[in-house]
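All remarks here apply to the structure that follows.
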Amino acid sequence: MHLLQLKDSQFATFLPKNEKIVEHLKKQVLYMNFYPIYKLKTNTLIEYIKNLIEPNIKKESFISKFGFTIIEFINFLKLLGVQENNVIIFEIHSLKNNELKILELFSVNLEEVNKNYGYLGEIQDHANVFTMNPVIRHKDKFYIIGFKYFKMNFYNSLVEKIRKHMDSGINNKIGISVDSFVKNIFSRVKDNNGYKIFSGRYDLSKKIILKVIWL
């Protein structure tokens, strides 16, 4: 049975009921998301990659392991960001540069999905194949569903693949980079809006306290 046919009424006689499988799949897709579902700006996603991932990897090792550069990946995300459809489809013959390498890295084959989701008992015994795989491949086509809502899956997936195949300490390095990244954000906000940013402990003056008490 093909996953895309599960909601078809002609399969209503199958046991267990197809509705149970669909419901379980919904939960697995939701559980793969570590962040609330909302329309994150593509530029924000790119900022995370540029400031948290790129400074903490060796570019030569990254290209050697995955077959594309961070710049090529960012350009691909920009391409996804301007698409209006909730289901973005890429065909192998239409891909350019290293887009195929990118899609292959982030995809799970539909045959693998079908193999792991034959019946409800089997589903519960297998790992969530959607985790860290925001792209579904079927034959010569790649499907990206709901990119505008699930953009952070590409970030999470890339970090996890780097951790597994390149650098087991990538999460610690990213954690250290977060401080400077946040400081840069505040600095930009301050400069763009003419704000003054203060930090530290401040005590209210006695005049202010007396005025508040009097009121």
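We name chains A, B, ... following the order of the structure tokens; residues begin at 1 in each chain, and ligands are numbered from 1 as shown.
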
Could you pull the residues within 10 Å of Phe181 (chain A), counting only C-alpha atoms, minus those fewer than 6 positions along the same chain, as a list in words?
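Listing them by chain and then by number gives Glu47, Tyr48, Lys50, Asn51, Leu52, Ile174 and Ser187 of chain A.
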
Expected file: the selected residues, N, CA and C atoms, as a short mmCIF file (atom, residue, chain, number, x, y, z; two decimals), in the first residue's frame:
```cif
data_model
loop_
_atom_site.label_atom_id
_atom_site.label_comp_id
_atom_site.auth_asym_id
_atom_site.auth_seq_id
_atom_site.Cartn_x
_atom_site.Cartn_y
_atom_site.Cartn_z
N GLU A 47 20.80 33.10 8.47
CA GLU A 47 21.62 33.72 9.52
C GLU A 47 22.14 32.67 10.49
N TYR A 48 21.28 31.74 10.88
CA TYR A 48 21.70 30.66 11.77
C TYR A 48 22.85 29.86 11.15
N LYS A 50 24.93 30.75 8.70
CA LYS A 50 26.14 31.56 8.52
C LYS A 50 26.89 31.82 9.82
N ASN A 51 26.13 32.04 10.90
CA ASN A 51 26.75 32.46 12.15
C ASN A 51 27.01 31.33 13.14
N LEU A 52 26.28 30.22 13.00
CA LEU A 52 26.44 29.15 13.97
C LEU A 52 27.10 27.90 13.39
N ILE A 174 28.77 25.19 18.47
CA ILE A 174 27.63 26.07 18.16
C ILE A 174 27.18 26.79 19.42
N SER A 187 23.53 44.38 18.65
CA SER A 187 24.30 45.51 18.12
C SER A 187 23.66 46.06 16.85
#
```

Which residues are close to Ile176 (chain A), i.e. within 12 Å by only C-alpha atoms, leaving aside same-chain residues fewer than 3 positions away? Reply as a PyMOL selection string.
chain A and resi 51-53+55-56+169-173+179-182

Using only C-alpha atoms, what table do you get, as CSV, when you list each residue of region 142-178 of chain A with an atom no more than 12 Å from region 108-113 of chain A, its nearest pair of atoms, and their distance in Å rounded to one decimal, rows by chain then rising number?
```
residue,atom,partner,partner_atom,distance
A:Phe142,CA,A:Asn109,CA,9.0
A:Tyr143,CA,A:Val108,CA,10.0
A:Ile144,CA,A:Val108,CA,11.0
```

Could you save the residues just selected, with C-alpha atoms, as a PDB file, in the first residue's frame?
```pdb
ATOM      1  CA  PHE A 142      12.068  14.985  -4.650  1.00  0.00           C
ATOM      2  CA  TYR A 143       9.207  16.401  -2.572  1.00  0.00           C
ATOM      3  CA  ILE A 144       9.611  19.179   0.005  1.00  0.00           C
TER       4      ILE A 144
END
```

Return the single residue from A:Leu40, A:Phe62, A:Ile70, A:Ile49 that is closest to Asp167 (chain A), with distances computed using only C-alpha atoms.
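Among the listed residues, A:Phe62 lies closest to Asp167 (chain A).
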
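Across the model, the gap from CA of Asn192 (chain A) to CA of Ser177 (chain A) is 22.6 Å.
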
From a DSSP calculation on the backbone, collect every residue of region 46-199 of chain A in helix (DSSP H, G or I) and output the set as a PyMOL selection string.
chain A and resi 46-56+59-66+70-81+92-94+99-105+110-116+120-125+152-165+170-193

Residue neighbourhood Thr42 (chain A), 12 Å, only C-alpha atoms, exclusion window fewer than 5 positions, as a compact mmCIF listing (two decimals) with N, CA and C atoms, in the first residue's frame:
```txt
# COMPACT_ATOMS: atom_id res chain seq x y z
N GLU A 47 20.80 33.10 8.47
CA GLU A 47 21.62 33.72 9.52
C GLU A 47 22.14 32.67 10.49
N TYR A 48 21.28 31.74 10.88
CA TYR A 48 21.70 30.66 11.77
C TYR A 48 22.85 29.86 11.15
N ILE A 49 22.69 29.54 9.88
CA ILE A 49 23.70 28.72 9.20
C ILE A 49 25.03 29.48 9.08
N ILE A 74 23.06 27.50 0.95
CA ILE A 74 22.33 28.75 1.23
C ILE A 74 21.56 29.21 -0.01
N ASN A 75 22.19 29.12 -1.17
CA ASN A 75 21.52 29.50 -2.42
C ASN A 75 20.31 28.60 -2.68
N PHE A 76 20.44 27.33 -2.32
CA PHE A 76 19.32 26.40 -2.49
C PHE A 76 18.17 26.78 -1.56
N LEU A 77 18.49 27.17 -0.33
CA LEU A 77 17.45 27.60 0.61
C LEU A 77 16.75 28.87 0.12
N LYS A 78 17.52 29.76 -0.48
CA LYS A 78 16.92 30.97 -1.06
C LYS A 78 15.95 30.61 -2.17
N LEU A 79 16.32 29.61 -2.97
CA LEU A 79 15.44 29.14 -4.04
C LEU A 79 14.14 28.59 -3.45
N LEU A 80 14.24 27.81 -2.39
CA LEU A 80 13.05 27.27 -1.74
C LEU A 80 12.19 28.40 -1.16
N GLY A 81 12.86 29.41 -0.64
CA GLY A 81 12.16 30.50 0.03
C GLY A 81 11.25 31.31 -0.87
N VAL A 82 11.53 31.33 -2.17
CA VAL A 82 10.71 32.13 -3.09
C VAL A 82 9.60 31.29 -3.74
N GLN A 83 9.55 30.00 -3.42
CA GLN A 83 8.50 29.15 -3.97
C GLN A 83 7.19 29.41 -3.22
N PHE A 147 7.67 23.75 3.40
CA PHE A 147 8.96 24.37 3.73
C PHE A 147 8.80 25.64 4.56
N LYS A 148 7.79 26.44 4.26
CA LYS A 148 7.61 27.71 4.95
C LYS A 148 7.36 27.52 6.45
N TYR A 149 6.87 26.33 6.83
CA TYR A 149 6.60 26.05 8.24
C TYR A 149 7.69 25.20 8.90
N PHE A 150 8.45 24.46 8.11
CA PHE A 150 9.41 23.50 8.66
C PHE A 150 10.85 23.82 8.27
N LYS A 151 11.17 25.09 8.13
CA LYS A 151 12.51 25.47 7.67
C LYS A 151 13.61 25.03 8.63
N MET A 152 13.33 25.07 9.93
CA MET A 152 14.35 24.72 10.91
C MET A 152 14.76 23.25 10.82
N PHE A 154 15.81 21.80 8.23
CA PHE A 154 17.04 21.76 7.44
C PHE A 154 18.25 22.11 8.32
N TYR A 155 18.07 23.07 9.20
CA TYR A 155 19.16 23.43 10.12
C TYR A 155 19.47 22.27 11.06
```

Suppose you want the space between CA of Ser94 (chain A) and CA of Lys41 (chain A); what is it in Å?
26.1 Å

Excluding Leu100 (chain A) and its own-chain neighbours fewer than 2 positions away, which residues fall within 12 Å of it when counting only C-alpha atoms? Please give them as a PyMOL selection string.
chain A and resi 66-68+72-73+76+90-98+102-107+135+137+140-142

Expected file: the selected residues, C-alpha atoms, as a PDB file, in the first residue's frame:
```pdb
ATOM      1  CA  PHE A  66      28.723  16.096   1.503  1.00  0.00           C
ATOM      2  CA  GLY A  67      29.633  17.163  -2.034  1.00  0.00           C
ATOM      3  CA  PHE A  68      28.488  20.789  -1.866  1.00  0.00           C
ATOM      4  CA  GLU A  72      25.520  26.367  -2.488  1.00  0.00           C
ATOM      5  CA  PHE A  73      23.285  25.169   0.338  1.00  0.00           C
ATOM      6  CA  PHE A  76      19.321  26.400  -2.490  1.00  0.00           C
ATOM      7  CA  PHE A  90      12.239  18.769  -8.041  1.00  0.00           C
ATOM      8  CA  GLU A  91      12.917  16.372 -10.896  1.00  0.00           C
ATOM      9  CA  ILE A  92      16.419  14.998 -11.318  1.00  0.00           C
ATOM     10  CA  HIS A  93      16.755  16.103 -14.949  1.00  0.00           C
ATOM     11  CA  SER A  94      16.027  19.739 -14.002  1.00  0.00           C
ATOM     12  CA  LEU A  95      18.567  20.041 -11.174  1.00  0.00           C
ATOM     13  CA  LYS A  96      21.573  22.343 -11.462  1.00  0.00           C
ATOM     14  CA  ASN A  97      25.039  22.486  -9.919  1.00  0.00           C
ATOM     15  CA  ASN A  98      25.063  20.423  -6.709  1.00  0.00           C
ATOM     16  CA  ILE A 102      21.833  18.556  -1.373  1.00  0.00           C
ATOM     17  CA  LEU A 103      18.517  16.824  -1.971  1.00  0.00           C
ATOM     18  CA  GLU A 104      20.047  13.373  -1.576  1.00  0.00           C
ATOM     19  CA  LEU A 105      21.586  14.315   1.763  1.00  0.00           C
ATOM     20  CA  PHE A 106      18.315  15.567   3.233  1.00  0.00           C
ATOM     21  CA  SER A 107      15.940  13.005   1.735  1.00  0.00           C
ATOM     22  CA  VAL A 135      12.759  15.756   1.850  1.00  0.00           C
ATOM     23  CA  ARG A 137      12.254  11.018  -2.673  1.00  0.00           C
ATOM     24  CA  ASP A 140      13.252  10.605  -9.957  1.00  0.00           C
ATOM     25  CA  LYS A 141      11.405  13.250  -7.957  1.00  0.00           C
ATOM     26  CA  PHE A 142      12.068  14.985  -4.650  1.00  0.00           C
TER      27      PHE A 142
END
```

Run DSSP on the backbone and grab whatever in region 50-98 of chain A lands in strand (DSSP E or B); send it over as a PyMOL selection string.
chain A and resi 87-91

Separation of CA of Lys65 (chain A) from CA of Arg163 (chain A) in Å:
12.0 Å

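With only C-alpha atoms taken into account, the protein and nucleic acid residues at most 9 Å from Lys59 (chain A) (excluding it and anything under 5 positions from it in its own chain) are Glu54, Ser64, Thr69 and Ile70 of chain A.
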